[in-house]
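Enquirer: This is start_2.txt, which holds compact mmCIF, C-alpha atoms:
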# COMPACT_ATOMS: atom_id res chain seq x y z
CA MET F 588 105.44 141.26 4.91
CA ARG F 589 105.61 144.66 6.61
CA ALA F 590 104.50 144.94 10.26
CA VAL F 591 104.59 147.48 13.11
CA ALA F 592 107.00 146.19 15.74
CA TYR F 593 108.05 147.33 19.17
CA HIS F 594 111.68 148.38 19.47
CA GLY F 595 111.77 150.12 22.83
CA LYS F 596 110.11 152.92 24.72
CA ARG F 597 108.48 155.29 22.24
CA ASP F 598 110.15 153.37 19.44
CA VAL F 599 107.92 151.50 17.05
CA ARG F 600 109.16 150.73 13.57
CA VAL F 601 107.79 149.08 10.49
CA ASP F 602 109.84 145.90 9.93
CA THR F 603 109.88 143.24 7.25
CA VAL F 604 108.96 139.93 8.90
CA PRO F 605 108.04 136.46 7.58
CA ASP F 606 104.48 136.05 6.31
CA PRO F 607 102.28 134.12 8.75
CA THR F 608 101.11 130.62 7.81
CA ILE F 609 98.36 128.25 8.90
CA GLU F 610 99.72 126.37 11.94
CA GLU F 611 96.62 124.89 13.57
CA PRO F 612 93.49 123.49 11.93
CA THR F 613 91.51 126.35 13.52
CA ASP F 614 93.69 129.12 12.09
CA ALA F 615 92.90 131.61 9.34
CA ILE F 616 95.14 134.06 7.53
CA VAL F 617 93.63 137.52 6.92
CA ARG F 618 95.00 140.26 4.68
CA ILE F 619 94.55 143.43 6.76
CA THR F 620 92.87 146.46 5.20
CA SER F 621 92.52 148.64 8.35
CA SER F 622 93.91 148.37 11.87
CA GLY F 623 93.28 150.87 14.64
CA ILE F 624 95.75 152.16 17.19
CA CYS F 625 94.27 151.79 20.68
CA GLY F 626 94.86 153.99 23.72
CA SER F 627 96.15 150.84 25.41
CA ASP F 628 98.79 150.49 22.64
CA LEU F 629 100.20 153.68 24.10
CA HIS F 630 100.81 151.88 27.39
CA LEU F 631 103.02 149.42 25.47
CA TYR F 632 104.70 152.35 23.78
CA GLU F 633 105.41 154.15 27.02
CA VAL F 634 105.48 151.94 30.10
CA LEU F 635 105.00 148.22 29.55
CA GLY F 636 108.40 147.53 28.00
CA ALA F 637 109.22 144.93 30.64
CA PHE F 638 106.54 142.63 29.22
CA ILE F 639 107.21 142.99 25.51
CA GLU F 640 110.15 141.91 23.38
CA GLU F 641 111.87 143.80 20.63
CA GLY F 642 110.30 142.75 17.36
CA ASP F 643 106.86 141.88 18.78
CA VAL F 644 104.16 142.99 16.36
CA LEU F 645 101.51 145.29 17.81
CA GLY F 646 97.84 145.91 17.08
CA HIS F 647 94.50 144.45 18.18
CA GLU F 648 91.84 146.31 16.17
CA PRO F 649 92.15 144.75 12.70
CA MET F 650 89.85 143.99 9.80
CA GLY F 651 90.44 142.66 6.32
CA VAL F 652 89.84 139.89 3.82
CA VAL F 653 90.28 136.16 4.50
CA GLU F 654 93.10 134.66 2.43
CA ALA F 655 93.26 131.12 3.81
CA VAL F 656 91.57 128.93 6.40
CA GLY F 657 92.55 125.74 8.24
CA PRO F 658 90.45 122.57 7.79
CA GLU F 659 88.34 123.14 10.93
CA VAL F 660 87.26 126.65 9.94
CA THR F 661 83.95 126.48 8.11
CA GLN F 662 81.98 129.63 8.85
CA ILE F 663 84.37 131.88 6.92
CA LYS F 664 86.13 131.31 3.59
CA PRO F 665 88.74 133.05 1.44
CA GLY F 666 87.37 136.33 0.08
CA ASP F 667 85.11 137.05 3.08
CA ARG F 668 85.37 140.50 4.65
CA VAL F 669 85.91 140.09 8.40
CA VAL F 670 86.57 142.08 11.57
CA ILE F 671 88.79 140.36 14.13
CA PRO F 672 87.90 140.74 17.85
CA PHE F 673 90.85 141.55 20.09
CA ASN F 674 89.96 138.61 22.39
CA ILE F 675 91.16 135.21 21.17
CA SER F 676 88.47 132.83 22.35
CA CYS F 677 87.40 129.28 21.53
CA GLY F 678 83.66 129.79 21.91
CA HIS F 679 83.00 126.48 23.68
CA CYS F 680 84.64 126.37 27.13
CA PHE F 681 83.14 127.05 30.57
CA MET F 682 83.93 130.77 30.29
CA CYS F 683 82.95 131.23 26.63
CA ASP F 684 79.64 129.48 27.31
CA GLN F 685 78.89 132.32 29.75
CA HIS F 686 79.93 134.97 27.22
CA LEU F 687 83.04 135.74 29.27
CA TYR F 688 85.21 135.61 26.15
CA SER F 689 87.95 137.67 27.82
CA GLN F 690 88.37 134.74 30.25
CA CYS F 691 88.47 131.88 27.71
CA GLU F 692 89.97 128.80 29.36
CA THR F 693 91.38 127.46 26.10
CA THR F 694 93.58 130.50 25.45
CA GLN F 695 94.10 131.66 29.05
CA VAL F 696 97.73 132.54 29.73
CA ARG F 697 98.13 130.37 32.82
CA ASP F 698 101.87 130.81 33.27
CA GLN F 699 101.26 134.52 33.70
CA GLY F 700 98.10 134.15 35.77
CA LYS F 701 96.14 136.09 33.19
CA GLY F 702 92.94 135.76 31.18
CA ALA F 703 92.40 134.96 27.51
CA SER F 704 95.11 135.64 24.96
CA LEU F 705 94.91 138.91 23.04
CA PHE F 706 96.42 140.05 19.75
CA GLY F 707 99.58 142.12 20.02
CA TYR F 708 99.61 142.64 23.79
CA THR F 709 102.73 141.40 25.61
CA LYS F 710 103.78 138.12 27.19
CA LEU F 711 101.05 138.61 29.80
CA TYR F 712 98.47 137.92 27.10
CA GLY F 713 100.15 135.21 25.08
CA GLN F 714 102.66 137.19 22.99
CA VAL F 715 100.46 136.74 19.93
CA PRO F 716 101.55 138.75 16.85
CA GLY F 717 99.20 141.67 16.34
CA GLY F 718 97.16 143.18 13.53
CA GLN F 719 99.11 146.31 12.59
CA ALA F 720 100.57 144.41 9.67
CA GLU F 721 99.84 143.39 6.09
CA LEU F 722 98.77 139.87 7.11
CA LEU F 723 97.52 138.32 10.34
CA ARG F 724 97.35 134.73 11.55
CA VAL F 725 94.05 134.40 13.44
CA PRO F 726 93.91 131.55 16.00
CA GLN F 727 90.47 130.15 16.96
CA ALA F 728 89.14 131.38 13.63
CA HIS F 729 86.26 128.88 13.79
CA PHE F 730 84.76 131.28 16.37
CA GLY F 731 86.26 134.78 16.41
CA PRO F 732 86.06 136.56 13.04
CA ILE F 733 82.95 138.64 12.41
CA LYS F 734 81.70 138.64 8.81
CA VAL F 735 80.66 142.05 7.52
CA PRO F 736 79.06 143.04 4.21
CA GLU F 737 80.80 144.61 1.21
CA GLY F 738 79.96 148.19 0.40
CA PRO F 739 80.46 150.62 3.30
CA PRO F 740 84.05 151.76 4.01
CA ASP F 741 86.17 149.98 6.64
CA GLU F 742 85.42 152.77 9.13
CA ARG F 743 81.84 151.54 9.32
CA PHE F 744 82.87 148.16 10.77
CA VAL F 745 86.44 148.28 12.10
CA TYR F 746 85.41 149.43 15.59
CA LEU F 747 83.61 146.11 16.18
CA SER F 748 87.08 144.76 17.02
CA ASP F 749 87.40 146.73 20.29
CA VAL F 750 86.07 150.32 20.54
CA LEU F 751 82.35 149.59 20.14
CA PRO F 752 82.05 146.50 22.37
CA THR F 753 84.21 148.20 25.02
CA ALA F 754 81.97 151.25 25.08
CA TRP F 755 78.80 149.14 24.91
CA GLN F 756 79.92 146.92 27.80
CA ALA F 757 80.91 149.99 29.83
CA VAL F 758 77.34 151.28 29.48
CA GLU F 759 75.78 147.87 30.23
CA TYR F 760 77.96 147.47 33.31
CA ALA F 761 77.01 150.98 34.47
CA ALA F 762 73.46 149.74 35.12
CA ILE F 763 71.93 153.12 34.30
CA PRO F 764 68.31 153.17 35.47
CA GLU F 765 65.52 153.94 32.98
CA GLY F 766 65.58 157.72 32.51
CA GLY F 767 68.66 157.96 34.72
CA THR F 768 71.85 159.96 34.50
CA VAL F 769 75.39 158.93 33.65
CA ALA F 770 78.63 160.88 33.85
CA VAL F 771 81.47 159.88 31.56
CA PHE F 772 85.04 160.69 32.52
CA GLY F 773 87.34 160.79 29.48
CA LEU F 774 86.59 161.80 25.91
CA GLY F 775 88.89 159.50 23.96
CA PRO F 776 87.31 157.09 21.47
CA ILE F 777 85.58 155.09 24.24
CA GLY F 778 84.12 158.15 25.95
CA GLN F 779 82.98 159.53 22.57
CA MET F 780 81.22 156.27 21.69
CA MET W 544 91.44 168.95 23.99
CA PRO W 545 88.91 171.24 22.35
CA GLU W 546 88.52 168.92 19.36
CA ARG W 547 87.30 166.17 21.70
CA LEU W 548 84.70 168.48 23.26
CA GLU W 549 83.71 169.55 19.77
CA MET W 550 83.32 165.96 18.62
CA ALA W 551 80.96 165.22 21.51
CA ARG W 552 78.98 168.37 20.73
CA ARG W 553 78.57 167.26 17.10
CA HIS W 554 76.64 164.27 18.37
CA GLY W 555 73.99 166.39 19.99
CA VAL W 556 75.52 166.76 23.41
CA HIS W 557 74.92 170.26 24.72
CA THR W 558 78.04 171.32 26.56
CA ILE W 559 78.67 173.81 29.31
CA ASP W 560 82.34 174.43 29.89
CA LEU W 561 83.02 174.86 33.60
CA ARG W 562 86.76 175.30 33.64
CA GLU W 563 87.15 176.73 37.06
CA HIS W 564 85.57 173.99 39.15
CA HIS W 565 87.83 172.39 41.71
CA ASP W 566 85.17 169.98 42.90
CA ILE W 567 83.80 167.83 40.08
CA ALA W 568 81.55 165.90 42.43
CA GLU W 569 79.90 169.03 43.78
CA ALA W 570 79.35 170.44 40.31
CA LEU W 571 77.67 167.23 39.13
CA ARG W 572 75.54 167.02 42.26
CA SER W 573 74.17 170.45 41.46
CA LEU W 574 72.97 169.07 38.09
CA THR W 575 71.37 165.94 39.52
CA ASP W 576 69.01 166.96 42.32
CA GLY W 577 71.90 167.22 44.77
CA ARG W 578 72.64 163.48 44.67
CA GLY W 579 75.14 162.93 41.87
CA PRO W 580 74.59 160.85 38.71
CA ASP W 581 73.10 157.34 38.97
CA SER W 582 76.11 155.93 37.17
CA VAL W 583 79.66 156.92 36.30
CA ILE W 584 81.75 155.50 33.48
CA ASP W 585 85.53 155.82 33.82
CA ALA W 586 86.87 155.76 30.28
CA VAL W 587 90.30 157.04 31.28
CA GLY W 588 92.09 154.36 33.31
CA MET W 589 95.87 154.57 32.97
CA GLU W 590 95.61 157.00 30.08
CA ALA W 591 97.34 159.70 32.07
CA HIS W 592 100.66 158.05 31.21
CA GLY W 593 102.29 159.65 28.26
CA ALA W 594 100.33 162.86 28.51
CA PRO W 595 102.42 165.96 27.94
CA LEU W 596 104.06 167.62 30.88
CA GLY W 597 102.18 170.64 32.05
CA LYS W 598 98.44 170.79 32.38
CA LEU W 599 96.39 167.63 32.20
CA ALA W 600 92.89 168.42 31.13
CA GLN W 601 90.22 166.22 32.60
CA GLN W 602 86.99 166.12 30.66
CA LEU W 603 83.79 165.08 32.16
CA ALA W 604 80.48 164.61 30.48
CA GLY W 605 77.21 164.12 32.24
CA MET W 606 74.14 163.25 30.26
CA LEU W 607 70.52 163.92 31.18
CA PRO W 608 67.63 162.24 29.39
CA ASP W 609 66.92 165.26 27.23
CA ALA W 610 70.50 165.29 26.00
CA ILE W 611 71.77 168.21 27.97
CA ALA W 612 75.29 167.66 29.07
CA ALA W 613 77.71 169.53 31.24
CA LYS W 614 81.38 169.34 30.49
CA MET W 615 83.97 170.39 32.88
CA THR W 616 87.64 170.75 32.68
CA GLU W 617 89.86 170.48 35.67
CA LYS W 618 93.37 171.67 35.79
CA ALA W 619 96.55 169.78 36.23
CA GLY W 620 97.19 167.14 38.77
CA ILE W 621 94.69 164.42 37.95
CA ASP W 622 96.59 161.19 37.79
CA ARG W 623 95.24 157.79 37.04
CA LEU W 624 93.89 157.03 40.50
CA SER W 625 92.36 160.44 40.75
CA VAL W 626 89.81 159.60 38.09
CA LEU W 627 88.74 156.50 39.98
CA HIS W 628 88.56 158.45 43.21
CA ALA W 629 86.65 161.25 41.48
CA SER W 630 84.21 158.63 40.20
CA ILE W 631 83.65 157.35 43.74
CA ASP W 632 83.16 160.89 44.94
CA THR W 633 80.79 161.81 42.10
CA VAL W 634 78.40 158.87 41.84
CA ARG W 635 75.28 159.03 43.96
CA ARG W 636 74.74 156.78 46.96
CA GLY W 637 73.60 153.37 45.79
CA GLY W 638 74.92 154.04 42.31
CA THR W 639 77.20 152.16 39.93
CA ILE W 640 80.71 152.83 38.66
CA SER W 641 81.77 151.11 35.44
CA LEU W 642 85.52 151.01 34.72
CA SER W 643 86.43 150.49 31.10
CA GLY W 644 89.79 152.22 31.38
CA VAL W 645 92.64 149.79 31.89
CA TYR W 646 94.05 149.76 35.42
CA GLY W 647 97.20 147.88 36.22
CA GLY W 648 98.08 148.62 39.84
CA MET W 649 98.26 145.89 42.41
CA VAL W 650 98.49 147.86 45.63
CA ASP W 651 96.31 150.85 44.81
CA PRO W 652 94.96 152.47 47.95
CA MET W 653 91.18 152.37 47.74
CA PRO W 654 88.75 154.35 49.93
CA MET W 655 86.89 151.27 51.12
CA MET W 656 85.06 153.27 53.76
CA ASP W 657 83.48 155.48 51.06
CA LEU W 658 82.71 152.56 48.76
CA PHE W 659 80.97 150.66 51.55
CA ASP W 660 79.24 153.67 53.10
CA LYS W 661 77.83 154.84 49.74
CA GLN W 662 76.74 151.31 48.76
CA ILE W 663 78.48 151.53 45.43
CA GLN W 664 78.42 148.79 42.81
CA LEU W 665 81.72 148.53 40.91
CA ARG W 666 82.11 146.63 37.63
CA MET W 667 85.05 146.39 35.33
CA GLY W 668 87.07 144.35 32.86
CA GLN W 669 88.04 143.91 29.25
CA ALA W 670 85.25 143.77 26.73
CA ASN W 671 83.82 140.36 25.86
CA VAL W 672 83.66 141.39 22.23
CA LYS W 673 81.48 138.69 20.69
CA ARG W 674 78.87 139.11 23.43
CA TRP W 675 77.78 142.49 22.09
CA ILE W 676 78.05 142.12 18.31
CA ASP W 677 74.40 141.13 17.78
CA ASP W 678 73.33 144.26 19.69
CA ILE W 679 75.68 146.58 17.81
CA MET W 680 75.54 145.31 14.22
CA PRO W 681 71.99 146.54 13.40
CA LEU W 682 73.07 150.06 14.34
CA LEU W 683 76.02 149.87 11.96
CA GLN W 684 73.77 148.83 9.13
CA GLU W 685 71.57 151.91 9.38
CA GLU W 686 72.20 154.48 6.65
CA SER W 687 72.28 157.35 9.12
CA ASP W 688 75.25 155.93 11.08
CA PRO W 689 73.63 156.57 14.51
CA LEU W 690 76.79 155.62 16.41
CA GLY W 691 78.82 158.08 14.38
CA VAL W 692 81.53 155.57 13.51
CA GLU W 693 82.35 157.34 10.26
CA ASP W 694 83.06 160.48 12.27
CA LEU W 695 85.59 158.98 14.70
CA ALA W 696 88.86 158.49 12.83
CA THR W 697 90.76 161.73 12.52
CA HIS W 698 93.63 160.11 10.59
CA LYS W 699 93.88 157.23 8.13
CA LEU W 700 97.53 156.57 7.40
CA PRO W 701 99.56 153.98 5.49
CA LEU W 702 101.20 151.30 7.64
CA GLU W 703 104.62 152.81 6.85
CA GLN W 704 103.66 155.94 8.82
CA ALA W 705 103.05 154.02 12.05
CA PRO W 706 105.90 155.67 14.01
CA HIS W 707 104.49 159.12 13.20
CA ALA W 708 100.97 157.90 14.00
CA TYR W 709 101.93 156.67 17.48
CA ASP W 710 103.77 159.92 18.11
CA ILE W 711 100.88 162.27 17.32
CA PHE W 712 98.36 160.00 19.04
CA GLN W 713 100.36 159.98 22.25
CA LYS W 714 101.02 163.70 22.16
CA LYS W 715 97.44 164.50 21.11
CA GLN W 716 98.88 166.58 18.30
CA ASP W 717 97.37 167.45 14.95
CA GLY W 718 93.89 166.91 16.40
CA ALA W 719 94.48 163.15 16.70
CA ILE W 720 91.60 161.34 18.37
CA LYS W 721 91.57 157.97 16.57
CA ILE W 722 94.03 156.72 13.96
CA LEU W 723 93.55 153.84 11.53
CA LEU W 724 96.56 152.28 9.83
CA GLN W 725 95.79 151.02 6.34
CA PRO W 726 98.32 148.63 4.77
CA ASN W 727 98.37 148.49 1.00
CA GLY W 728 96.52 151.83 0.87
CA ALA W 729 93.19 150.10 1.57
Written as structure tokens, that's how I'd like the structure from this file.
Expert:
Amino acid sequence: MRAVAYHGKRDVRVDTVPDPTIEEPTDAIVRITSSGICGSDLHLYEVLGAFIEEGDVLGHEPMGVVEAVGPEVTQIKPGDRVVIPFNISCGHCFMCDQHLYSQCETTQVRDQGKGASLFGYTKLYGQVPGGQAELLRVPQAHFGPIKVPEGPPDERFVYLSDVLPTAWQAVEYAAIPEGGTVAVFGLGPIGQM
Amino acid sequence: MPERLEMARRHGVHTIDLREHHDIAEALRSLTDGRGPDSVIDAVGMEAHGAPLGKLAQQLAGMLPDAIAAKMTEKAGIDRLSVLHASIDTVRRGGTISLSGVYGGMVDPMPMMDLFDKQIQLRMGQANVKRWIDDIMPLLQEESDPLGVEDLATHKLPLEQAPHAYDIFQKKQDGAIKILLQPNGA
């Protein structure tokens, strides 16, 4: 399959790489229809080269159609339209039980002293192949993927992967009082949302 | 980044462009009874990296309940820590700063005296995506698209054009605000 891979500072290329396969019973394979480029992908592009290897596939804002599921994945099936959250979380550990999915203890990258694994975001976060590709292997697929209806274009739902929850959480964490005021620094996608 | 100001305006935010202000905090205090906004969201983080040499434009939006907003642009020289420091300076005493921008420093100097003196609450971290889906999904299913998600992507490109996509996104060229890559011409 074709995939966007890191090749050095300001050097991403579309490579041909092996198709992903089901490896764990909780995996799914998704054929990607849309995948956003995040502002934080630009940090990989520009400055985080020390933590990423040539050939690593980038991307953590994907959506698409399920092609295959492992035996322990029952809430989605081939043909379902899904959005994939950038966090890779099990849904049933101490942290996930508190909705701290970015801190999942099942996928935490302990040898780097970091939180939950992420798609396409360096060794610090598990060196998991990302979603800017034709196909994506989704670990913890019994929990992560978000089913969305047919009909509206991908743009209606793709931001559930990162942009919308990031902006929503930013507002929740800002604890704006009823009728209060908030100033937003930065008018990229998060600031706009 | 006039297209970014314009995008915010399209969503009903009334903007006042105050390009010549050197003191963001003072300008915002004048709009909020002399105290500063109750809350500040830093949606910039380390984004200053990769910006073109020359002027860095800093955009600030403040929102009042009746949807009047003031936007200000400051001239060059705002680096990543400056936004955090500007947030500390801007927020009112007893207020909250929410950092969604990624920060990666480990020895950043922080004005602890100001943080403590102003009794500021600071929250941050990566989004816990699944936590918010039930809140967000109903809004995406409304015909009128209240969150404006169908207005965000400025470019939808085939996967094969990824190198070009990263380039214009980083350089903020061609009006790029958000780019979606679409394999197989989805």
Enquirer: For chain W, which residue out of F:Gly717, F:Gly646, F:Pro672, F:Gly651 is the nearest one, using all atoms listed in the file?
Expert: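 Among the listed residues, F:Pro672 lies closest to chain W.
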Enquirer: Near chain W, which residues of chain F fall within 7 Å when you count all atoms listed in the file, and what do they look like as a PyMOL selection string?
Expert: chain F and resi 591+599-601+619-624+629+633+672+674+686-689+720-721+742-743+749+752-753+756-757+760-763+766-780
Enquirer: Using only C-alpha atoms, determine which residues lie at most 10 Å from Glu611 (chain F), disregarding the query and same-chain residues fewer than 6 positions distant; provide the list as a ChimeraX atom specification.
Expert: /F:656-659,725-728
Enquirer: How many Å separate CA of Phe638 (chain F) from CA of Asp651 (chain W)?
Expert: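 That distance, rounded to one decimal, is 20.4 Å.
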Enquirer: Pick the closest to Pro665 (chain F) from F:Arg618, F:His630, F:His679, F:Lys701: which is it, counting all atoms listed in the file?
Expert: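 Smallest separation from Pro665 (chain F) among the options: F:Arg618.
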Enquirer: Find the distance between CA of Val660 (chain F) and CA of Thr608 (chain F) and write it in Å to one decimal.
Expert: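 Computed distance, CA of Val660 (chain F) to CA of Thr608 (chain F), equals 14.6 Å.
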Enquirer: Work out how far CA of Gly666 (chain F) is from CA of Glu685 (chain W), in Å to one decimal.
Expert: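 Between CA of Glu685 (chain W) and CA of Gly666 (chain F) the gap is 24.1 Å.
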Enquirer: Set the distance at 6 Å and use all atoms listed in the file: which residues neighbour Phe673 (chain F) once local chain neighbours fewer than 3 positions away are removed? I'd like the list as a list in words.
Expert: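 Counting all atoms listed in the file, the residues come to His647, Leu705, Phe706 and Ser748 of chain F.
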Enquirer: Please write as a PyMOL selection string the list of polymer residues whose atoms come within 9 Å of (98.3, 151.7, 39.1), counting only C-alpha atoms and keeping to the coordinates of the file.
Expert: chain W and resi 588-589+623-624+646-651
Enquirer: Counting only C-alpha atoms, which residue out of F:Glu737, F:Glu640, F:Met650, F:His594 sits closest to Ile671 (chain F)?
Expert: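 Among F:Glu737, F:Glu640, F:Met650, F:His594, it is F:Met650 that comes nearest to Ile671 (chain F).
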